[in-house]
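This is query31.txt (compact mmCIF, C-alpha atoms).
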# COMPACT_ATOMS: atom_id res chain seq x y z
CA MET A 438 -1.02 -18.03 -33.49
CA ASN A 439 -3.60 -18.27 -36.30
CA ILE A 440 -4.49 -14.90 -37.77
CA ALA A 441 -8.14 -14.34 -38.55
CA THR A 442 -8.87 -13.33 -42.13
CA ASN A 443 -11.25 -10.51 -42.95
CA THR A 444 -13.89 -13.12 -43.79
CA HIS A 445 -13.70 -14.71 -40.35
CA THR A 446 -13.49 -11.36 -38.58
CA ASP A 447 -16.49 -10.05 -40.50
CA TRP A 448 -18.53 -13.15 -39.65
CA ILE A 449 -17.75 -12.88 -35.93
CA ARG A 450 -18.44 -9.13 -35.92
CA ASP A 451 -21.80 -9.61 -37.62
CA ALA A 452 -22.67 -12.60 -35.43
CA ALA A 453 -21.81 -10.65 -32.28
CA ALA A 454 -23.99 -7.73 -33.40
CA ARG A 455 -26.91 -10.08 -33.98
CA ALA A 456 -26.21 -11.77 -30.66
CA ARG A 457 -26.24 -8.41 -28.87
CA ALA A 458 -29.72 -7.67 -30.21
CA ALA A 459 -30.86 -11.19 -29.30
CA SER A 460 -29.50 -10.82 -25.76
CA VAL A 461 -31.70 -7.76 -25.27
CA THR A 462 -34.70 -9.81 -26.33
CA LEU A 463 -33.73 -12.69 -24.03
CA ALA A 464 -33.28 -10.38 -21.05
CA GLY A 465 -36.78 -9.01 -21.66
CA MET A 466 -38.42 -12.43 -21.88
CA SER A 467 -40.19 -13.76 -18.84
CA GLY A 468 -38.60 -16.58 -16.90
CA GLU A 469 -41.40 -18.91 -17.98
CA ALA A 470 -40.84 -18.05 -21.65
CA ARG A 471 -37.15 -18.93 -21.33
CA ASN A 472 -38.08 -22.15 -19.52
CA ALA A 473 -40.50 -23.06 -22.31
CA ALA A 474 -37.71 -22.61 -24.84
CA LEU A 475 -35.53 -25.01 -22.88
CA ARG A 476 -38.29 -27.61 -22.74
CA HIS A 477 -38.89 -27.29 -26.48
CA ALA A 478 -35.15 -27.69 -27.10
CA ALA A 479 -35.11 -30.84 -24.95
CA GLN A 480 -37.96 -32.28 -27.04
CA SER A 481 -36.05 -31.44 -30.22
CA LEU A 482 -32.92 -33.19 -28.96
CA ARG A 483 -34.89 -36.34 -28.23
CA ALA A 484 -36.57 -36.21 -31.65
CA ALA A 485 -33.20 -35.72 -33.37
CA SER A 486 -31.38 -38.38 -31.34
CA ALA A 487 -30.82 -40.75 -34.26
CA SER A 488 -29.48 -38.03 -36.56
CA ILE A 489 -27.22 -36.69 -33.78
CA VAL A 490 -25.76 -40.16 -33.16
CA THR A 491 -25.25 -40.65 -36.91
CA ALA A 492 -23.40 -37.33 -37.15
CA ASN A 493 -21.31 -38.36 -34.18
CA GLU A 494 -20.39 -41.62 -35.88
CA ALA A 495 -18.73 -39.59 -38.65
CA ASP A 496 -16.69 -37.70 -36.06
CA ILE A 497 -15.75 -40.93 -34.27
CA ALA A 498 -14.66 -42.56 -37.54
CA ALA A 499 -12.36 -39.64 -38.32
CA PHE A 500 -11.05 -39.66 -34.75
CA ASP A 501 -10.27 -43.37 -34.88
CA ALA A 502 -8.55 -43.00 -38.24
CA ALA A 503 -6.32 -40.33 -36.71
CA GLY A 504 -5.36 -42.64 -33.84
CA GLY A 505 -6.89 -40.70 -30.96
CA THR A 506 -6.64 -41.85 -27.35
CA PRO A 507 -9.41 -43.87 -25.62
CA ALA A 508 -10.01 -41.16 -23.03
CA PHE A 509 -10.63 -38.48 -25.63
CA ARG A 510 -12.72 -40.90 -27.68
CA ASP A 511 -14.97 -41.31 -24.66
CA ARG A 512 -15.31 -37.53 -24.44
CA LEU A 513 -16.30 -37.34 -28.09
CA LEU A 514 -18.68 -40.30 -28.15
CA LEU A 515 -22.44 -39.73 -28.20
CA THR A 516 -24.93 -42.53 -27.60
CA PRO A 517 -28.73 -42.39 -27.39
CA ASP A 518 -28.39 -42.36 -23.60
CA ARG A 519 -26.00 -39.42 -23.74
CA VAL A 520 -28.36 -37.50 -26.01
CA THR A 521 -31.16 -38.22 -23.55
CA ALA A 522 -28.91 -36.93 -20.75
CA MET A 523 -28.41 -33.68 -22.68
CA ALA A 524 -32.19 -33.28 -22.98
CA GLU A 525 -32.67 -34.05 -19.29
CA ALA A 526 -30.05 -31.45 -18.38
CA LEU A 527 -32.03 -28.79 -20.28
CA GLU A 528 -35.19 -29.79 -18.44
CA THR A 529 -33.36 -29.61 -15.11
CA ILE A 530 -32.10 -26.13 -15.98
CA ALA A 531 -35.66 -25.10 -16.89
CA ALA A 532 -36.86 -26.23 -13.44
CA LEU A 533 -34.29 -24.12 -11.58
CA PRO A 534 -35.15 -20.66 -10.19
CA ASP A 535 -34.85 -17.76 -12.59
CA PRO A 536 -31.37 -16.26 -12.06
CA LEU A 537 -32.56 -12.90 -13.35
CA ALA A 538 -35.29 -12.60 -10.73
CA ARG A 539 -32.80 -12.21 -7.89
CA VAL A 540 -32.47 -9.09 -5.77
CA LEU A 541 -28.91 -9.45 -4.52
CA ALA A 542 -28.96 -6.67 -1.93
CA GLU A 543 -31.12 -3.78 -0.74
CA TRP A 544 -30.22 -0.84 1.50
CA THR A 545 -31.16 2.76 2.20
CA GLN A 546 -28.80 5.65 2.86
CA PRO A 547 -29.43 8.29 5.54
CA ASN A 548 -30.46 10.76 2.82
CA GLY A 549 -33.36 8.50 1.88
CA LEU A 550 -31.93 7.06 -1.36
CA ALA A 551 -33.02 3.42 -1.73
CA PHE A 552 -30.57 1.06 -3.43
CA ARG A 553 -31.41 -2.26 -5.04
CA ARG A 554 -28.78 -4.53 -6.63
CA ILE A 555 -30.31 -6.91 -9.17
CA ALA A 556 -28.93 -9.78 -11.23
CA THR A 557 -28.50 -9.11 -14.94
CA PRO A 558 -27.17 -11.05 -17.94
CA ILE A 559 -23.55 -10.64 -18.96
CA GLY A 560 -24.65 -10.18 -22.59
CA VAL A 561 -22.80 -12.04 -25.35
CA ILE A 562 -20.81 -15.14 -24.42
CA GLY A 563 -18.19 -16.74 -26.66
CA MET A 564 -17.69 -20.43 -25.89
CA ILE A 565 -14.65 -22.24 -27.33
CA TYR A 566 -14.57 -25.94 -26.54
CA GLU A 567 -12.97 -29.18 -27.63
CA SER A 568 -14.01 -32.81 -28.00
CA ARG A 569 -17.16 -33.05 -25.88
CA PRO A 570 -20.13 -32.12 -28.12
CA ASN A 571 -22.58 -32.20 -25.21
CA VAL A 572 -20.85 -29.07 -23.89
CA GLY A 573 -22.60 -27.13 -26.65
CA ALA A 574 -26.04 -28.15 -25.40
CA ASP A 575 -25.15 -27.41 -21.78
CA ALA A 576 -23.73 -23.99 -22.68
CA ALA A 577 -26.72 -23.10 -24.84
CA GLY A 578 -29.15 -24.04 -22.09
CA LEU A 579 -27.35 -22.19 -19.33
CA CYS A 580 -26.85 -19.09 -21.46
CA LEU A 581 -30.48 -18.93 -22.57
CA LYS A 582 -31.81 -19.39 -19.03
CA SER A 583 -29.52 -16.60 -17.78
CA GLY A 584 -30.51 -14.26 -20.62
CA ASN A 585 -27.22 -14.41 -22.52
CA ALA A 586 -26.72 -14.95 -26.24
CA VAL A 587 -23.91 -17.35 -27.10
CA ILE A 588 -21.56 -18.03 -30.00
CA LEU A 589 -20.33 -21.64 -29.82
CA ARG A 590 -17.13 -22.73 -31.51
CA GLY A 591 -16.58 -26.47 -31.04
CA GLY A 592 -13.49 -28.40 -32.03
CA SER A 593 -12.94 -29.77 -35.50
CA ASP A 594 -13.09 -33.30 -34.07
CA SER A 595 -16.74 -32.80 -33.07
CA PHE A 596 -17.81 -30.62 -36.00
CA HIS A 597 -20.58 -32.90 -37.35
CA SER A 598 -21.93 -33.69 -33.89
CA ALA A 599 -21.98 -30.03 -32.86
CA ALA A 600 -23.79 -29.04 -36.05
CA ALA A 601 -26.50 -31.67 -35.49
CA ILE A 602 -26.96 -30.59 -31.86
CA HIS A 603 -27.11 -26.93 -32.89
CA ALA A 604 -29.80 -27.68 -35.47
CA ALA A 605 -31.95 -29.48 -32.91
CA LEU A 606 -31.54 -26.78 -30.27
CA SER A 607 -32.28 -24.00 -32.75
CA GLU A 608 -35.47 -25.71 -33.86
CA GLY A 609 -36.66 -25.98 -30.29
CA PHE A 610 -35.74 -22.41 -29.40
CA ALA A 611 -37.47 -21.08 -32.52
CA ARG A 612 -40.74 -22.77 -31.51
CA ALA A 613 -40.63 -20.74 -28.31
CA GLY A 614 -39.96 -17.45 -30.07
CA VAL A 615 -36.26 -17.17 -29.23
CA PRO A 616 -34.31 -15.21 -31.87
CA ALA A 617 -32.04 -17.43 -33.98
CA ALA A 618 -29.11 -15.16 -33.18
CA ALA A 619 -29.31 -16.16 -29.50
CA LEU A 620 -27.45 -19.35 -30.44
CA GLN A 621 -24.91 -19.23 -33.26
CA VAL A 622 -22.04 -21.39 -34.49
CA PRO A 623 -19.40 -20.43 -37.07
CA PRO A 624 -20.02 -21.94 -40.51
CA GLY A 625 -16.78 -23.97 -40.47
CA SER A 626 -14.13 -25.48 -38.23
CA ASP A 627 -11.33 -23.14 -39.35
CA ARG A 628 -9.25 -22.05 -36.34
CA ALA A 629 -9.30 -18.52 -37.68
CA PHE A 630 -12.78 -18.22 -36.16
CA VAL A 631 -11.14 -18.68 -32.75
CA ALA A 632 -8.68 -15.89 -33.45
CA ALA A 633 -11.53 -13.63 -34.54
CA MET A 634 -13.47 -14.37 -31.35
CA LEU A 635 -10.45 -13.65 -29.16
CA ALA A 636 -9.99 -10.29 -30.89
CA ALA A 637 -13.67 -9.28 -30.59
CA ALA A 638 -13.25 -6.73 -27.79
CA GLY A 639 -16.41 -4.71 -27.32
CA GLN A 640 -18.41 -7.25 -29.32
CA ILE A 641 -18.17 -10.39 -27.16
CA ASP A 642 -18.40 -9.76 -23.41
CA LEU A 643 -16.84 -12.97 -22.07
CA ILE A 644 -14.86 -15.84 -23.57
CA ILE A 645 -15.08 -19.25 -21.90
CA PRO A 646 -12.54 -21.83 -23.12
CA ARG A 647 -13.11 -25.48 -22.27
CA GLY A 648 -10.54 -27.98 -23.37
CA GLY A 649 -6.91 -28.97 -23.02
CA LYS A 650 -4.09 -26.99 -21.51
CA SER A 651 -2.87 -25.70 -24.88
CA LEU A 652 -6.29 -24.29 -25.79
CA VAL A 653 -6.73 -22.53 -22.46
CA ARG A 654 -3.19 -21.15 -22.56
CA ARG A 655 -3.68 -19.79 -26.05
CA VAL A 656 -6.98 -18.14 -25.14
CA GLU A 657 -5.50 -16.52 -22.03
CA GLN A 658 -2.47 -15.27 -23.95
CA ASP A 659 -4.24 -13.96 -27.04
CA ALA A 660 -7.67 -12.80 -25.89
CA ARG A 661 -8.59 -9.13 -25.90
CA VAL A 662 -11.89 -10.15 -24.32
CA PRO A 663 -12.29 -11.07 -20.62
CA VAL A 664 -11.73 -14.81 -20.08
CA LEU A 665 -13.31 -17.23 -17.61
CA ALA A 666 -10.70 -19.98 -17.77
CA HIS A 667 -11.20 -23.70 -17.30
CA ALA A 668 -7.78 -25.05 -16.33
CA GLU A 669 -6.65 -28.66 -16.30
CA GLY A 670 -7.90 -30.99 -13.59
CA LEU A 671 -4.73 -32.13 -11.87
CA ASN A 672 -6.71 -33.44 -8.91
CA HIS A 673 -5.59 -35.23 -5.74
CA ILE A 674 -7.05 -37.51 -3.12
CA TYR A 675 -5.29 -37.53 0.23
CA VAL A 676 -6.01 -40.69 2.22
CA HIS A 677 -5.38 -39.71 5.83
CA ALA A 678 -4.22 -42.09 8.55
CA ALA A 679 -7.70 -41.96 10.10
CA ALA A 680 -9.49 -42.92 6.86
CA ASP A 681 -11.99 -45.75 6.90
CA PRO A 682 -10.24 -48.38 4.71
CA ALA A 683 -13.34 -49.52 2.83
CA MET A 684 -14.42 -45.93 2.20
CA ALA A 685 -10.96 -44.96 0.99
CA ARG A 686 -10.82 -47.87 -1.44
CA ALA A 687 -14.25 -47.12 -2.88
CA ILE A 688 -13.63 -43.39 -3.24
CA VAL A 689 -10.22 -43.74 -4.88
CA ALA A 690 -11.46 -46.39 -7.34
CA ASN A 691 -14.41 -44.21 -8.36
CA ALA A 692 -12.43 -40.97 -8.50
CA LYS A 693 -9.81 -42.48 -10.80
CA MET A 694 -11.66 -45.02 -12.92
CA ARG A 695 -15.33 -44.00 -13.23
CA ARG A 696 -14.42 -41.90 -16.26
CA THR A 697 -10.73 -41.26 -16.69
CA GLY A 698 -11.14 -38.60 -19.38
CA VAL A 699 -13.16 -36.06 -17.41
CA CYS A 700 -11.56 -33.10 -15.68
CA GLY A 701 -12.85 -34.23 -12.29
CA ALA A 702 -10.89 -37.48 -12.39
CA THR A 703 -8.24 -37.95 -9.71
CA GLU A 704 -4.70 -37.99 -11.09
CA THR A 705 -2.65 -38.35 -7.88
CA LEU A 706 -3.12 -40.41 -4.74
CA LEU A 707 -1.44 -39.02 -1.62
CA LEU A 708 -1.27 -41.72 1.04
CA ASP A 709 -0.41 -40.90 4.63
CA ALA A 710 2.84 -42.58 5.65
CA ALA A 711 1.10 -43.56 8.89
CA ALA A 712 -1.25 -45.84 6.90
CA PRO A 713 1.08 -47.87 4.62
CA HIS A 714 -1.20 -50.91 4.94
CA LEU A 715 -3.79 -49.17 2.74
CA LEU A 716 -1.52 -49.00 -0.31
CA ALA A 717 -1.72 -52.65 -1.38
CA PRO A 718 -5.52 -52.98 -1.34
CA ILE A 719 -6.03 -49.64 -3.09
CA VAL A 720 -3.55 -50.60 -5.80
CA ALA A 721 -5.11 -54.06 -6.16
CA ASP A 722 -8.58 -52.54 -6.63
CA LEU A 723 -7.30 -50.20 -9.31
CA GLN A 724 -5.27 -52.87 -11.08
CA ALA A 725 -8.42 -54.97 -11.35
CA LEU A 726 -10.04 -52.03 -13.13
CA GLY A 727 -7.14 -51.69 -15.59
CA CYS A 728 -5.19 -48.87 -13.97
CA ASP A 729 -1.44 -48.33 -14.26
CA PHE A 730 0.73 -46.35 -11.82
CA ARG A 731 3.64 -43.94 -11.37
CA ALA A 732 4.90 -44.14 -7.79
CA ASP A 733 7.48 -42.30 -5.71
CA ALA A 734 10.34 -44.08 -3.94
CA ARG A 735 8.51 -44.38 -0.63
CA ALA A 736 5.51 -46.06 -2.22
CA ARG A 737 7.81 -48.38 -4.17
CA ALA A 738 9.53 -49.33 -0.92
CA ILE A 739 6.16 -50.79 0.13
CA LEU A 740 5.23 -52.23 -3.29
CA PRO A 741 8.46 -52.66 -5.31
CA ASP A 742 6.61 -53.70 -8.47
CA LEU A 743 5.03 -50.26 -8.89
CA PRO A 744 6.52 -48.33 -11.84
CA ALA A 745 8.72 -45.45 -10.76
CA ALA A 746 7.43 -41.90 -11.20
CA GLY A 747 9.42 -39.65 -13.51
CA PRO A 748 10.24 -35.97 -12.87
CA ALA A 749 7.11 -34.69 -14.63
CA ASP A 750 4.60 -37.33 -13.55
CA PHE A 751 3.21 -35.45 -10.55
CA ASP A 752 2.59 -32.45 -12.82
CA THR A 753 0.69 -34.49 -15.43
CA GLU A 754 -3.06 -34.57 -16.00
CA TRP A 755 -3.25 -38.13 -17.31
CA LEU A 756 -6.86 -38.24 -18.52
CA ALA A 757 -6.16 -41.95 -18.79
CA PRO A 758 -6.10 -45.04 -16.52
CA ILE A 759 -2.83 -43.96 -14.89
CA LEU A 760 -2.48 -42.83 -11.28
CA SER A 761 0.48 -41.07 -9.68
CA ILE A 762 1.14 -42.15 -6.08
CA ALA A 763 3.13 -40.36 -3.37
CA MET A 764 3.54 -41.00 0.34
CA VAL A 765 3.18 -37.93 2.55
CA ASP A 766 3.84 -37.16 6.22
CA GLY A 767 0.52 -35.89 7.44
CA VAL A 768 -1.91 -33.15 6.47
CA ASP A 769 0.59 -30.33 6.06
CA ASP A 770 2.78 -32.42 3.75
CA ALA A 771 -0.26 -33.34 1.66
CA ILE A 772 -1.25 -29.67 1.38
CA ALA A 773 2.29 -28.72 0.38
CA HIS A 774 2.32 -31.35 -2.37
CA ILE A 775 -1.00 -30.12 -3.74
CA LEU A 776 0.05 -26.47 -3.70
CA ARG A 777 3.27 -27.42 -5.49
CA HIS A 778 1.81 -29.72 -8.16
CA GLY A 779 -1.95 -29.11 -8.36
CA SER A 780 -4.04 -26.97 -10.69
CA ALA A 781 -6.44 -25.51 -8.07
CA HIS A 782 -9.28 -27.53 -9.59
CA THR A 783 -10.53 -30.26 -7.21
CA ASP A 784 -8.87 -31.99 -4.28
CA ALA A 785 -10.22 -34.35 -1.63
CA ILE A 786 -9.40 -35.84 1.75
CA VAL A 787 -10.63 -39.17 3.09
CA THR A 788 -10.62 -39.26 6.89
CA ALA A 789 -12.79 -39.88 9.93
CA ASP A 790 -11.01 -37.04 11.74
CA PRO A 791 -12.94 -33.75 11.38
CA VAL A 792 -9.98 -31.71 12.66
CA ALA A 793 -7.73 -33.13 9.93
CA ALA A 794 -10.45 -32.55 7.33
CA ASP A 795 -10.91 -28.93 8.37
CA ARG A 796 -7.17 -28.32 8.31
CA PHE A 797 -6.88 -29.84 4.84
CA LEU A 798 -9.83 -27.97 3.34
CA ARG A 799 -8.61 -24.66 4.73
CA GLY A 800 -5.05 -25.28 3.56
CA ILE A 801 -5.67 -26.13 -0.08
CA ASP A 802 -6.50 -23.36 -2.56
CA SER A 803 -8.67 -25.41 -4.87
CA ALA A 804 -11.91 -24.27 -6.47
CA VAL A 805 -13.55 -27.39 -5.01
CA GLY A 806 -12.52 -29.28 -1.89
CA LEU A 807 -14.19 -32.52 -0.81
CA TRP A 808 -14.25 -34.51 2.40
CA ASN A 809 -15.03 -38.23 2.10
CA ALA A 810 -16.31 -38.01 -1.48
CA SER A 811 -15.03 -38.70 -4.99
CA THR A 812 -13.49 -35.85 -6.99
CA GLN A 813 -15.80 -36.85 -9.86
CA PHE A 814 -18.59 -34.99 -8.03
CA CYS A 815 -17.01 -31.78 -9.36
CA ASP A 816 -19.73 -31.39 -11.97
CA GLY A 817 -22.45 -28.82 -12.50
CA GLY A 818 -25.19 -31.43 -12.53
CA GLU A 819 -23.97 -32.93 -9.26
CA PHE A 820 -23.86 -29.44 -7.72
CA GLY A 821 -27.54 -28.96 -8.59
CA PHE A 822 -26.84 -26.54 -11.44
CA GLY A 823 -28.48 -28.73 -14.10
CA ALA A 824 -25.30 -28.54 -16.16
CA GLU A 825 -22.12 -26.51 -16.31
CA ILE A 826 -20.42 -24.35 -18.89
CA GLY A 827 -17.00 -25.12 -17.40
CA ILE A 828 -15.01 -25.43 -14.19
CA ALA A 829 -13.42 -22.09 -13.34
CA THR A 830 -10.10 -22.24 -11.50
CA GLY A 831 -9.21 -18.55 -11.46
CA ARG A 832 -9.78 -16.22 -8.55
CA VAL A 833 -12.00 -13.61 -10.16
CA HIS A 834 -15.78 -13.74 -10.65
CA ALA A 835 -16.36 -17.51 -10.42
CA ARG A 836 -14.68 -20.66 -9.13
CA GLY A 837 -15.68 -24.29 -9.57
CA PRO A 838 -18.59 -25.42 -11.78
CA VAL A 839 -20.01 -22.45 -13.65
CA GLY A 840 -23.80 -22.45 -13.70
CA LEU A 841 -26.60 -19.92 -13.98
CA GLU A 842 -25.57 -17.64 -11.13
CA GLN A 843 -22.01 -17.34 -12.45
CA LEU A 844 -23.33 -16.30 -15.89
CA THR A 845 -24.90 -13.16 -14.47
CA SER A 846 -23.53 -9.82 -13.39
CA PHE A 847 -25.51 -7.11 -11.59
CA ARG A 848 -26.81 -3.58 -11.86
CA THR A 849 -27.76 -1.19 -9.09
CA LEU A 850 -31.08 0.65 -9.25
CA VAL A 851 -31.47 3.74 -7.08
CA THR A 852 -34.79 5.35 -6.10
CA GLY A 853 -35.01 8.81 -4.66
CA ASN A 854 -37.64 11.43 -3.82
CA GLY A 855 -35.93 14.53 -5.12
CA GLN A 856 -32.50 14.29 -3.53
CA VAL A 857 -29.67 16.42 -4.91
CA ARG A 858 -26.07 16.01 -3.87
CA PRO A 859 -24.65 18.83 -1.74

Mind turning this structure into structure tokens?
Amino acid sequence: MNIATNTHTDWIRDAAARARAASVTLAGMSGEARNAALRHAAQSLRAASASIVTANEADIAAFDAAGGTPAFRDRLLLTPDRVTAMAEALETIAALPDPLARVLAEWTQPNGLAFRRIATPIGVIGMIYESRPNVGADAAGLCLKSGNAVILRGGSDSFHSAAAIHAALSEGFARAGVPAAALQVPPGSDRAFVAAMLAAAGQIDLIIPRGGKSLVRRVEQDARVPVLAHAEGLNHIYVHAAADPAMARAIVANAKMRRTGVCGATETLLLDAAAPHLLAPIVADLQALGCDFRADARARAILPDLPAAGPADFDTEWLAPILSIAMVDGVDDAIAHILRHGSAHTDAIVTADPVAADRFLRGIDSAVGLWNASTQFCDGGEFGFGAEIGIATGRVHARGPVGLEQLTSFRTLVTGNGQVRP
């Protein structure tokens, strides 16, 4: 564990105090004022696209020199189109309903007291993320719209990119009258800032880690602040005996190979033993796309040339063009495999049988379950959230893509006409 120095602790403490004051201002701003800030920030991102891409090139050069993997390089890479996508995400968030305008429940007690539960910001969010610099823009947009101030600590591998994005966002927010302290980043990439954030109980209200297993584990172990964890995406597709063959082939190819480095990518194919004829065409499709395999003995009995799976392969989030394959005996066996090896992130079934689909979706314990669709739809934008700040796999507060609604809490307002309690 890295121990925060007094310098890092002092910076986080002061930043959190400024963020607390800024969060009060944000919560008091009208929904339209917050939307205007998001639109200004989108304009600033577009205007700064060239400088953001140039900053990213420095990060990519350092990453390549260190011998990083292709999947993580893809996560780190920014192109003009990806910068445009960040700006479009902010505009989509701006167009969504105001999450703070919601009345969640209303009721009246027999004594005449009227209760109203309303949505309210969480307060100060600490976001710790790795590799993907666009996460900073998504988090900033979602936090601002939901009335939360945010302290963003990106990974050292995306330091230059994150700084350029922060500068553009801050310029846009400032034009709309948003306090600068609503969006802050530590002045360096020293890991001691992470330790200081994790120790900031009473100063930061919620920590959201987004990155690899080691980062999330460290945050969960060391944090003295509540954590909304984003676990690994050890995702499965179960191709049922009643699956449409063409649909199954298309879904598996997309779920594995569209982008192998995202957390929604499928890592394991479970094929029903009653449909062995589907294995060869699915494998052929994936091979043509550059995929490699790790197969169990039953799959290798059908296709002997498949590489054998090792003891840990079905517990591995590949984030690469590698797919684990296992044969299963029906829905219950598929569910058992997922409960034994999965990460409760995203799992899917392909079938024309609605009874089998219902049984599967009820049996898994995943944050997101899909029927006849690619696991790569586990994404805040695809859910209609505009963007996401992470994929929550815990069982408290939020599960699945975390958007505006999940970044709010609630208060209860009570109106009386002179009641006193007997």

Subject >> Residue with smallest distance to Ser598 in chain A - pool A:Val520, A:Ala717, A:Leu776, A:Ile762, counting all atoms listed in the file >> reply: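 Closest residue, counting all atoms listed in the file: A:Val520.
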
**OP:** Identify, on the basis of all atoms listed in the file, every residue whose closest approach to Ser568 in chain A does not exceed 8 Å; exclude the query and any residue fewer than 6 positions from it along the same chain; express the result as a list of chain:residue names.
**Re:**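 Once the adjacent positions are removed, what remains is A:Phe509, A:Arg512, A:Leu513, A:Gly591, A:Gly592, A:Asp594, A:Ser595, A:Gly648.
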
What does the file look like for those residues with C-alpha atoms, as a PDB file, in the frame of the given file?
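selection_4.pdb was written with the following content:
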ATOM      1  CA  PHE A 509     -10.630 -38.480 -25.630  1.00  0.00           C
ATOM      2  CA  ARG A 512     -15.310 -37.530 -24.440  1.00  0.00           C
ATOM      3  CA  LEU A 513     -16.300 -37.340 -28.090  1.00  0.00           C
ATOM      4  CA  GLY A 591     -16.580 -26.470 -31.040  1.00  0.00           C
ATOM      5  CA  GLY A 592     -13.490 -28.400 -32.030  1.00  0.00           C
ATOM      6  CA  ASP A 594     -13.090 -33.300 -34.070  1.00  0.00           C
ATOM      7  CA  SER A 595     -16.740 -32.800 -33.070  1.00  0.00           C
ATOM      8  CA  GLY A 648     -10.540 -27.980 -23.370  1.00  0.00           C
TER       9      GLY A 648
END

Original post:
So how many Å separate CA of Gly837 in chain A and CA of Asp733 in chain A, to one decimal?
Top reply: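 Interatomic distance here is 29.6 Å.
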
Original post:
Which residue gives the smallest distance to Ala668 in chain A among A:Arg832, A:Arg695, A:Arg510, A:His714, with all atoms listed in the file counted?
Top reply: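 Ranking A:Arg832, A:Arg695, A:Arg510, A:His714 by distance to Ala668 in chain A, first place goes to A:Arg832.
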
**OP:** Name all residues at most 12 Å from Ala538 in chain A (count only C-alpha atoms; drop same-chain ones fewer than 3 positions away) and give them as a list in words.
**Re:**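 Listed by chain and then number, they are Ala464, Gly465, Met466, Ser467, Gly468, Glu469, Leu533, Pro534, Asp535, Leu541, Arg554, Ile555, Ala556, Thr557, Pro558, Lys582, Ser583, Gly584, Leu841, Glu842, Thr845 and Phe847 of chain A.
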
Original post:
So, counting all atoms listed in the file, which residue among A:Ile759, A:Ala452, A:Ala485, A:Ala492 is closest to His597 in chain A?
Top reply: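 Of the candidates, the smallest distance to His597 in chain A is held by A:Ala492.
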
**OP:** Measure the distance from CA of Leu527 in chain A to CA of Asp784 in chain A in Å and round it to one decimal.
**Re:**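 Atom-to-atom, CA of Leu527 in chain A and CA of Asp784 in chain A are spaced 28.3 Å apart.
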
Subject >> Selection: 10 Å around Ser761 in chain A, all atoms listed in the file, excl. self and same-chain fewer than 6 positions, as a PyMOL selection string >> reply: chain A and resi 673+703-707+729-733+744-747+750-755

Original post:
Can you tell me, as a ChimeraX atom specification, what residues are no more than 9 Å from Thr446 in chain A when counting all atoms listed in the file, ignoring any on the same chain fewer than 3 positions away?
Top reply: /A:441-443,449-451,629-630,632-634,636-637

Subject >> Residue nearest Pro616 in chain A - candidates A:Leu743, A:Ala502, A:Ala458, A:Val805, atoms counted: all atoms listed in the file >> reply: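 The closest residue to Pro616 in chain A is A:Ala458.
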
Original post:
Quick one: distance from CA of Glu825 in chain A to CA of Phe500 in chain A in Å, one decimal?
Top reply: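 CA of Phe500 in chain A lies 25.2 Å from CA of Glu825 in chain A.
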
Subject >> Selected residue, from A:Ala690, A:Val662, A:Asp742, A:Gln621, that lies nearest to Ala459 in chain A when counting all atoms listed in the file >> reply: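 Using all atoms listed in the file, the shortest distance to Ala459 in chain A belongs to A:Gln621.
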
Subject >> Near-Ile828 in chain A list (9 Å; all atoms listed in the file; drop same-chain fewer than 5 positions) as number ranges by chain >> reply: A: 647, 666-668, 700, 782, 804, 815-817, 835-839

**OP:** Have a look at A:Ala781, A:Ile530, A:Leu652, A:Leu807 and name the one nearest to Gly821 in chain A; count only C-alpha atoms.
**Re:** A:Ile530

Kindly compute an axis-aligned box around the listed atoms of range 578-591 of chain A, allowing 4 Å on each side, and express its centre and edge lengths in Å to one decimal as AutoDock Vina command-line options.
--center_x -24.2 --center_y -20.4 --center_z -24.6 --size_x 23.2 --size_y 20.2 --size_z 21.7
